[in-house]
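Structure file data-v1.cif with mmCIF, C-alpha atoms and all ligand atoms:
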```cif
data_model
loop_
_atom_site.group_PDB
_atom_site.id
_atom_site.type_symbol
_atom_site.label_atom_id
_atom_site.label_comp_id
_atom_site.auth_asym_id
_atom_site.auth_seq_id
_atom_site.Cartn_x
_atom_site.Cartn_y
_atom_site.Cartn_z
ATOM 1 C CA MET A 1 33.922 76.766 -144.407
ATOM 2 C CA THR A 2 33.445 78.620 -147.707
ATOM 3 C CA ASP A 3 30.718 81.241 -148.091
ATOM 4 C CA GLN A 4 28.763 78.875 -150.325
ATOM 5 C CA ALA A 5 29.046 75.978 -147.875
ATOM 6 C CA GLU A 6 28.033 78.300 -145.012
ATOM 7 C CA GLN A 7 24.968 79.498 -146.948
ATOM 8 C CA ALA A 8 23.982 75.914 -147.817
ATOM 9 C CA SER A 9 24.357 74.842 -144.178
ATOM 10 C CA ALA A 10 22.369 77.882 -142.950
ATOM 11 C CA ALA A 11 19.616 77.131 -145.473
ATOM 12 C CA GLN A 12 19.461 73.538 -144.210
ATOM 13 C CA SER A 13 19.249 74.535 -140.542
ATOM 14 C CA ALA A 14 16.823 77.465 -141.110
ATOM 15 C CA PRO A 15 13.249 76.636 -140.071
ATOM 16 C CA PRO A 16 10.939 75.966 -143.043
ATOM 17 C CA GLU A 17 8.896 79.026 -143.970
ATOM 18 C CA ILE A 18 5.393 78.802 -142.508
ATOM 19 C CA PRO A 19 2.513 80.094 -144.655
ATOM 20 C CA GLY A 20 0.772 83.181 -143.227
ATOM 21 C CA LYS A 21 -2.704 83.142 -141.697
ATOM 22 C CA PRO A 22 -5.275 85.935 -142.085
ATOM 23 C CA THR A 23 -6.385 87.820 -138.964
ATOM 24 C CA SER A 24 -9.947 86.539 -139.325
ATOM 25 C CA ALA A 25 -8.836 82.892 -139.092
ATOM 26 C CA SER A 26 -8.266 83.140 -135.329
ATOM 27 C CA ARG A 27 -10.403 86.133 -134.283
ATOM 28 C CA THR A 28 -12.542 85.055 -131.309
ATOM 29 C CA THR A 29 -15.255 86.410 -129.005
ATOM 30 C CA LEU A 30 -15.796 85.054 -125.514
ATOM 31 C CA SER A 31 -19.094 86.051 -123.828
ATOM 32 C CA HIS A 32 -20.034 85.779 -120.170
ATOM 33 C CA ILE A 33 -22.881 87.041 -117.936
ATOM 34 C CA MET A 34 -21.631 88.681 -114.747
ATOM 35 C CA THR A 35 -23.110 87.412 -111.483
ATOM 36 C CA HIS A 36 -22.730 88.241 -107.779
ATOM 37 C CA ALA A 37 -19.800 85.796 -107.648
ATOM 38 C CA ASP A 38 -17.828 88.233 -109.840
ATOM 39 C CA THR A 39 -18.078 91.360 -107.666
ATOM 40 C CA ASN A 40 -15.571 93.283 -105.577
ATOM 41 C CA LEU A 41 -16.298 94.905 -102.210
ATOM 42 C CA LEU A 42 -17.907 97.899 -103.935
ATOM 43 C CA GLY A 43 -20.448 95.646 -105.638
ATOM 44 C CA THR A 44 -19.181 96.162 -109.172
ATOM 45 C CA VAL A 45 -17.327 93.486 -111.138
ATOM 46 C CA HIS A 46 -13.761 92.783 -109.995
ATOM 47 C CA GLY A 47 -11.078 93.896 -112.472
ATOM 48 C CA GLY A 48 -9.380 90.525 -112.039
ATOM 49 C CA VAL A 49 -12.480 88.743 -113.347
ATOM 50 C CA ILE A 50 -12.295 90.824 -116.527
ATOM 51 C CA MET A 51 -8.535 90.216 -116.796
ATOM 52 C CA LYS A 52 -9.081 86.443 -116.580
ATOM 53 C CA LEU A 53 -11.614 86.624 -119.437
ATOM 54 C CA VAL A 54 -9.186 88.786 -121.425
ATOM 55 C CA ASP A 55 -6.362 86.279 -120.889
ATOM 56 C CA ASP A 56 -8.679 83.358 -121.780
ATOM 57 C CA ALA A 57 -9.885 84.972 -125.017
ATOM 58 C CA ALA A 58 -6.379 86.074 -126.016
ATOM 59 C CA GLY A 59 -5.012 82.595 -125.220
ATOM 60 C CA ALA A 60 -7.618 80.974 -127.465
ATOM 61 C CA VAL A 61 -6.673 83.340 -130.291
ATOM 62 C CA ALA A 62 -2.940 82.734 -129.819
ATOM 63 C CA GLY A 63 -3.466 78.959 -129.751
ATOM 64 C CA ARG A 64 -5.634 79.050 -132.872
ATOM 65 C CA HIS A 65 -3.230 81.275 -134.781
ATOM 66 C CA SER A 66 -0.097 79.357 -133.833
ATOM 67 C CA GLY A 67 -1.713 75.926 -134.140
ATOM 68 C CA GLY A 68 -0.659 74.736 -130.682
ATOM 69 C CA PRO A 69 0.096 75.786 -127.126
ATOM 70 C CA ALA A 70 0.910 79.411 -126.378
ATOM 71 C CA VAL A 71 1.662 81.076 -123.034
ATOM 72 C CA THR A 72 1.091 84.638 -121.818
ATOM 73 C CA ALA A 73 4.460 86.437 -121.877
ATOM 74 C CA SER A 74 3.123 89.858 -120.901
ATOM 75 C CA MET A 75 -0.013 91.901 -120.581
ATOM 76 C CA ASP A 76 0.132 95.642 -120.989
ATOM 77 C CA GLU A 77 -2.102 98.662 -121.401
ATOM 78 C CA MET A 78 -5.081 96.990 -119.715
ATOM 79 C CA ALA A 79 -7.549 99.865 -119.528
ATOM 80 C CA PHE A 80 -10.830 99.800 -117.596
ATOM 81 C CA LEU A 81 -13.010 102.488 -119.148
ATOM 82 C CA GLU A 82 -16.358 101.924 -117.384
ATOM 83 C CA PRO A 83 -17.485 99.831 -114.396
ATOM 84 C CA VAL A 84 -19.020 96.435 -115.223
ATOM 85 C CA ARG A 85 -22.097 95.414 -113.219
ATOM 86 C CA VAL A 86 -23.921 92.267 -112.197
ATOM 87 C CA GLY A 87 -26.292 91.386 -115.034
ATOM 88 C CA ASP A 88 -23.981 92.704 -117.745
ATOM 89 C CA LEU A 89 -23.343 90.392 -120.680
ATOM 90 C CA VAL A 90 -19.652 90.929 -121.389
ATOM 91 C CA HIS A 91 -18.147 90.193 -124.804
ATOM 92 C CA VAL A 92 -14.378 89.870 -124.992
ATOM 93 C CA LYS A 93 -13.219 90.252 -128.604
ATOM 94 C CA ALA A 94 -9.655 89.259 -129.419
ATOM 95 C CA GLN A 95 -7.458 89.086 -132.507
ATOM 96 C CA VAL A 96 -3.791 88.711 -133.415
ATOM 97 C CA ASN A 97 -2.463 92.184 -134.231
ATOM 98 C CA TRP A 98 1.154 91.303 -134.971
ATOM 99 C CA THR A 99 3.493 88.335 -135.082
ATOM 100 C CA GLY A 100 7.242 88.047 -134.523
ATOM 101 C CA ARG A 101 9.331 84.903 -134.697
ATOM 102 C CA SER A 102 7.645 83.067 -131.831
ATOM 103 C CA SER A 103 5.562 85.826 -130.237
ATOM 104 C CA MET A 104 2.178 87.292 -131.086
ATOM 105 C CA GLU A 105 0.561 90.509 -129.898
ATOM 106 C CA VAL A 106 -3.135 89.943 -129.241
ATOM 107 C CA GLY A 107 -5.414 92.971 -129.013
ATOM 108 C CA VAL A 108 -8.538 92.675 -126.867
ATOM 109 C CA ARG A 109 -11.641 94.862 -126.715
ATOM 110 C CA VAL A 110 -14.137 94.348 -123.870
ATOM 111 C CA MET A 111 -17.774 95.251 -124.546
ATOM 112 C CA ALA A 112 -20.746 95.123 -122.135
ATOM 113 C CA GLU A 113 -24.520 95.228 -122.549
ATOM 114 C CA ARG A 114 -27.395 94.507 -120.181
ATOM 115 C CA TRP A 115 -28.183 90.805 -120.519
ATOM 116 C CA ASN A 116 -31.948 91.351 -120.975
ATOM 117 C CA GLU A 117 -32.084 94.650 -122.879
ATOM 118 C CA SER A 118 -31.562 95.382 -126.554
ATOM 119 C CA THR A 119 -29.494 98.559 -126.016
ATOM 120 C CA PRO A 120 -26.172 98.490 -127.891
ATOM 121 C CA ALA A 121 -23.047 97.213 -126.133
ATOM 122 C CA THR A 122 -20.511 99.815 -124.993
ATOM 123 C CA GLN A 123 -16.763 99.432 -124.717
ATOM 124 C CA VAL A 124 -15.656 98.976 -121.096
ATOM 125 C CA GLY A 125 -12.031 97.962 -121.528
ATOM 126 C CA SER A 126 -9.124 97.092 -123.771
ATOM 127 C CA ALA A 127 -5.783 95.331 -123.472
ATOM 128 C CA TYR A 128 -2.729 94.195 -125.386
ATOM 129 C CA LEU A 129 -1.070 90.897 -124.539
ATOM 130 C CA VAL A 130 2.012 89.159 -125.858
ATOM 131 C CA PHE A 131 1.836 85.385 -126.161
ATOM 132 C CA ALA A 132 4.744 83.090 -126.984
ATOM 133 C CA ALA A 133 4.042 79.871 -128.861
ATOM 134 C CA VAL A 134 5.821 76.988 -127.149
ATOM 135 C CA ASP A 135 6.668 73.393 -127.971
ATOM 136 C CA ALA A 136 6.207 70.333 -125.755
ATOM 137 C CA ASP A 137 9.301 71.351 -123.733
ATOM 138 C CA GLY A 138 7.992 74.894 -123.175
ATOM 139 C CA LYS A 139 10.552 76.346 -125.602
ATOM 140 C CA PRO A 140 9.491 79.098 -128.041
ATOM 141 C CA ARG A 141 8.516 77.829 -131.516
ATOM 142 C CA THR A 142 8.003 79.679 -134.795
ATOM 143 C CA VAL A 143 4.529 81.065 -135.545
ATOM 144 C CA PRO A 144 2.883 81.737 -138.912
ATOM 145 C CA PRO A 145 2.999 85.424 -139.866
ATOM 146 C CA VAL A 146 -0.360 87.138 -139.431
ATOM 147 C CA LEU A 147 -1.801 88.592 -142.645
ATOM 148 C CA PRO A 148 -3.801 91.752 -141.813
ATOM 149 C CA GLU A 149 -6.874 91.938 -144.057
ATOM 150 C CA THR A 150 -8.796 95.171 -143.479
ATOM 151 C CA GLU A 151 -7.504 98.725 -143.087
ATOM 152 C CA LYS A 152 -8.277 98.421 -139.354
ATOM 153 C CA ASP A 153 -6.176 95.237 -139.157
ATOM 154 C CA LYS A 154 -3.344 97.028 -140.971
ATOM 155 C CA ARG A 155 -3.502 100.009 -138.567
ATOM 156 C CA ARG A 156 -3.478 97.643 -135.576
ATOM 157 C CA HIS A 157 -0.489 95.809 -137.082
ATOM 158 C CA GLN A 158 1.453 99.075 -137.436
ATOM 159 C CA GLU A 159 0.534 100.205 -133.908
ATOM 160 C CA ALA A 160 1.562 96.802 -132.491
ATOM 161 C CA GLN A 161 4.969 97.194 -134.145
ATOM 162 C CA ILE A 162 5.390 100.535 -132.305
ATOM 163 C CA ARG A 163 4.464 98.885 -128.971
ATOM 164 C CA ARG A 164 6.912 96.049 -129.687
ATOM 165 C CA THR A 165 9.734 98.544 -130.338
ATOM 166 C CA HIS A 166 8.947 100.364 -127.083
ATOM 167 C CA ARG A 167 8.739 97.105 -125.052
ATOM 168 C CA LEU A 168 12.165 95.989 -126.309
ATOM 169 C CA ALA A 169 13.712 99.441 -125.742
ATOM 170 C CA ARG A 170 12.280 99.631 -122.204
ATOM 171 C CA ARG A 171 13.513 96.135 -121.348
ATOM 172 C CA ARG A 172 16.987 96.903 -122.740
ATOM 173 C CA ALA A 173 17.197 100.233 -120.843
ATOM 174 C CA ILE A 174 16.239 98.567 -117.550
ATOM 175 C CA MET A 175 18.744 95.723 -118.047
ATOM 176 C CA GLU A 176 21.494 98.278 -118.812
ATOM 177 C CA LEU A 177 20.628 100.295 -115.694
ATOM 178 C CA ARG A 178 20.748 97.156 -113.524
ATOM 179 C CA GLU A 179 24.104 96.117 -114.995
ATOM 180 C CA ARG A 180 25.504 99.627 -114.461
ATOM 181 C CA ARG A 181 24.346 99.697 -110.833
ATOM 182 C CA ALA A 182 25.771 96.219 -110.219
ATOM 183 C CA ALA A 183 29.098 97.281 -111.767
ATOM 184 C CA GLU A 184 29.125 100.345 -109.466
ATOM 185 C CA GLY A 185 28.728 98.001 -106.492
ATOM 186 C CA TYR A 186 25.115 98.821 -105.540
ATOM 187 C CA GLU A 187 23.110 95.954 -104.087
ATOM 188 C CA ASP A 188 19.320 95.854 -104.009
HETATM 189 C C1 LIG B 201 7.455 83.534 -122.535
HETATM 190 C C2 LIG B 201 8.621 82.542 -122.535
HETATM 191 C C3 LIG B 201 8.228 81.265 -123.277
HETATM 192 C C4 LIG B 201 9.801 83.240 -123.260
HETATM 193 O O1 LIG B 201 10.865 82.330 -123.228
HETATM 194 P P1 LIG B 201 12.385 82.829 -123.462
HETATM 195 O O2 LIG B 201 13.257 81.654 -123.201
HETATM 196 O O3 LIG B 201 12.628 84.106 -122.728
HETATM 197 O O4 LIG B 201 12.415 83.030 -125.018
HETATM 198 P P2 LIG B 201 12.740 84.314 -125.908
HETATM 199 O O5 LIG B 201 13.554 85.343 -125.207
HETATM 200 O O6 LIG B 201 13.236 83.766 -127.201
HETATM 201 O O7 LIG B 201 11.282 84.934 -126.142
HETATM 202 C C5 LIG B 201 10.382 84.347 -127.053
HETATM 203 C C6 LIG B 201 9.526 85.448 -127.666
HETATM 204 O O8 LIG B 201 8.699 86.020 -126.645
HETATM 205 C C7 LIG B 201 8.964 87.425 -126.545
HETATM 206 N N1 LIG B 201 8.936 87.763 -125.127
HETATM 207 C C8 LIG B 201 9.544 87.130 -124.110
HETATM 208 N N2 LIG B 201 9.290 87.752 -122.946
HETATM 209 C C9 LIG B 201 8.490 88.802 -123.245
HETATM 210 C C10 LIG B 201 7.900 89.845 -122.476
HETATM 211 N N3 LIG B 201 8.050 89.923 -121.162
HETATM 212 N N4 LIG B 201 7.154 90.753 -123.110
HETATM 213 C C11 LIG B 201 6.962 90.702 -124.437
HETATM 214 N N5 LIG B 201 7.504 89.747 -125.240
HETATM 215 C C12 LIG B 201 8.268 88.820 -124.639
HETATM 216 C C13 LIG B 201 10.340 87.627 -127.139
HETATM 217 O O9 LIG B 201 10.497 88.958 -127.620
HETATM 218 C C14 LIG B 201 10.346 86.604 -128.252
HETATM 219 O O10 LIG B 201 9.630 87.112 -129.368
HETATM 220 P P3 LIG B 201 10.041 86.734 -130.893
HETATM 221 O O11 LIG B 201 10.429 85.275 -130.923
HETATM 222 O O12 LIG B 201 8.799 86.997 -131.671
HETATM 223 O O13 LIG B 201 11.159 87.655 -131.254
HETATM 224 C C15 LIG B 201 9.087 82.188 -121.077
HETATM 225 O O14 LIG B 201 9.544 83.357 -120.436
HETATM 226 C C16 LIG B 201 7.971 81.559 -120.261
HETATM 227 O O15 LIG B 201 7.699 80.377 -120.386
HETATM 228 N N6 LIG B 201 7.323 82.357 -119.395
HETATM 229 C C17 LIG B 201 6.208 81.853 -118.592
HETATM 230 C C18 LIG B 201 4.908 81.957 -119.378
HETATM 231 C C19 LIG B 201 3.737 81.500 -118.569
HETATM 232 O O16 LIG B 201 3.781 80.489 -117.898
HETATM 233 N N7 LIG B 201 2.643 82.276 -118.645
HETATM 234 C C20 LIG B 201 1.464 82.000 -117.872
HETATM 235 C C21 LIG B 201 1.565 82.748 -116.584
HETATM 236 S S1 LIG B 201 1.053 81.797 -115.209
#
```
As structure tokens, the full file:
Amino acid sequence: MTDQAEQASAAQSAPPEIPGKPTSASRTTLSHIMTHADTNLLGTVHGGVIMKLVDDAAGAVAGRHSGGPAVTASMDEMAFLEPVRVGDLVHVKAQVNWTGRSSMEVGVRVMAERWNESTPATQVGSAYLVFAAVDADGKPRTVPPVLPETEKDKRRHQEAQIRRTHRLARRRAIMELRERRAAEGYED
């Protein structure tokens, strides 16, 4: 095939360019009052309860941004900064920080305030999740690029790119180590 024919064929098979979506188009807050059903054995709220809310809020954002189903590929840097208590009204704020071809990094900030007091909410946690947009067969599909709007969005976009680079490098290093050990005859 000539260069020209190859370029024409590549252009035909390339996915159509999807218009970008601003960060604010999918930004979402999920709020929930903590009850005794949410506690651990110490009487404070179970970390898993917060993680479920984080995953739910991030999933809604990923679905809204990508315009269809999206699955959690990974969750990292989940930080619990303060204990959450029964009677706290928890707000889970999520937004798309960065987009790749089919993946999206969603940043989540968890805030808590007493449900019946007017004191300001404080930050109790944060997390970064990667979602992959999938088609009806569960295969990755292309997502619209996110268009950061504010300076904060732009900073988060740049920081997400750093995390992405580190995730890929870590995954590659681990795969290489496993292959090397297998080649040397070690069995797990
Ligand atoms: C996530 C999933 C769709 C990826 O499928 P895959 O065949 O490995 O596809 P790819 O390797 O092309 O990955 C797709 C995208 O996800 C990213 N990705 C995949 N695994 C990832 C991980 N562990 N961490 C971060 N990103 C990841 C890839 O970098 C890629 O991003 P890009 O398209 O923007 O470059 C697949 O592993 C899956 O279905 N996992 C289960 C998800 C699920 O059920 N979650 C709910 C838990 S119960």
Task: Among the residues A:Met111, A:Phe80, A:Val61, A:Ser103, the one that comes closest to A:His46 [using only C-alpha atoms] - done: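 Nearest to A:His46: A:Phe80.
Run against this file, the PyMOL selection byres (((chain A and resi 132) around 10) and not hetatm) gives back A:Gly59, A:Ala62, A:Gly63, A:Ser66, A:Pro69, A:Ala70, A:Val71, A:Thr72, A:Ala73, A:Ser74, A:Thr99, A:Gly100, A:Arg101, A:Ser102, A:Ser103, A:Met104, A:Glu105, A:Val130, A:Phe131, A:Ala133, A:Val134, A:Asp135, A:Gly138, A:Lys139, A:Pro140, A:Arg141, A:Thr142, A:Val143.
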Open item on the list: Under the rule that all atoms listed in the file are counted, which of A:Arg27, A:Gly125, A:Gly67, A:Ser118 is the nearest residue to A:Leu53?
Closed with: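 That would be A:Gly125, the residue with the smallest distance to A:Leu53.
Between atom CA of A:Gly107 and atom CA of A:Leu42 the separation is 28.4 Å.
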With 6 Å added on each side, what axis-aligned box encloses every listed atom of ligand LIG 201 (chain B)? Give the centre and edge lengths in Å to one decimal, as JSON.
```
{"center_x": 7.3, "center_y": 85.6, "center_z": -123.4, "size_x": 24.5, "size_y": 22.4, "size_z": 28.5}
```
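When all atoms listed in the file are used to compute distances to ligand LIG 201 (chain B), the closest of the residues A:Glu17, A:Glu82, A:Glu117, A:Asp76 turns out to be A:Asp76.
Among the candidates A:Ala25, A:Val110, A:Val146, A:Ala160, the one nearest to A:Arg64 when counting all atoms listed in the file is A:Ala25.
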- [ ] Could you check which of A:Val106, A:Ala58, A:Met34, A:Ile50 is closest to A:Glu159, using only C-alpha atoms?
- [x]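 Closest to A:Glu159 of all the choices is A:Val106.
Minimum atom-to-atom distances from A:Arg172, A:Lys21, A:Arg109, A:Arg180 to A:Asp55 were compared using only C-alpha atoms, and the lowest value belongs to A:Arg109.
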Open item on the list: Report, in Å to a single decimal, how far apart atom CA of A:His166 and atom C16 of ligand LIG 201 (chain B) are.
Closed with: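 Going from atom C16 of ligand LIG 201 (chain B) over to atom CA of A:His166, I get 20.0 Å.
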Open item on the list: For a test of reading the model, state the distance in Å between atom CA of A:Val90 and atom CA of A:Ala112, rounded to one decimal.
Closed with: 4.4 Å
Open item on the list: Selection in question (the file shown): the PyMOL selection byres (((chain A and resi 83-86) around 6) and not hetatm). Which residues does it include, as a list in words?
Closed with: Met34, Thr35, Thr44, Val45, Glu82, Gly87 and Asp88 of chain A
Store the residues picked out above in a file with C-alpha atoms, as a PDB file, in the frame of the given file.
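Writing the result to result-v1.pdb gives the following:
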```
ATOM      1  CA  MET A  34     -21.631  88.681-114.747  1.00  0.00           C
ATOM      2  CA  THR A  35     -23.110  87.412-111.483  1.00  0.00           C
ATOM      3  CA  THR A  44     -19.181  96.162-109.172  1.00  0.00           C
ATOM      4  CA  VAL A  45     -17.327  93.486-111.138  1.00  0.00           C
ATOM      5  CA  GLU A  82     -16.358 101.924-117.384  1.00  0.00           C
ATOM      6  CA  GLY A  87     -26.292  91.386-115.034  1.00  0.00           C
ATOM      7  CA  ASP A  88     -23.981  92.704-117.745  1.00  0.00           C
TER       8      ASP A  88
END
```
Task: Shell around A:Ser24 at 9 Å using all atoms listed in the file, local window under 5 positions removed, as a VMD selection string - done: chain A and resid 95 to 96 148 to 149
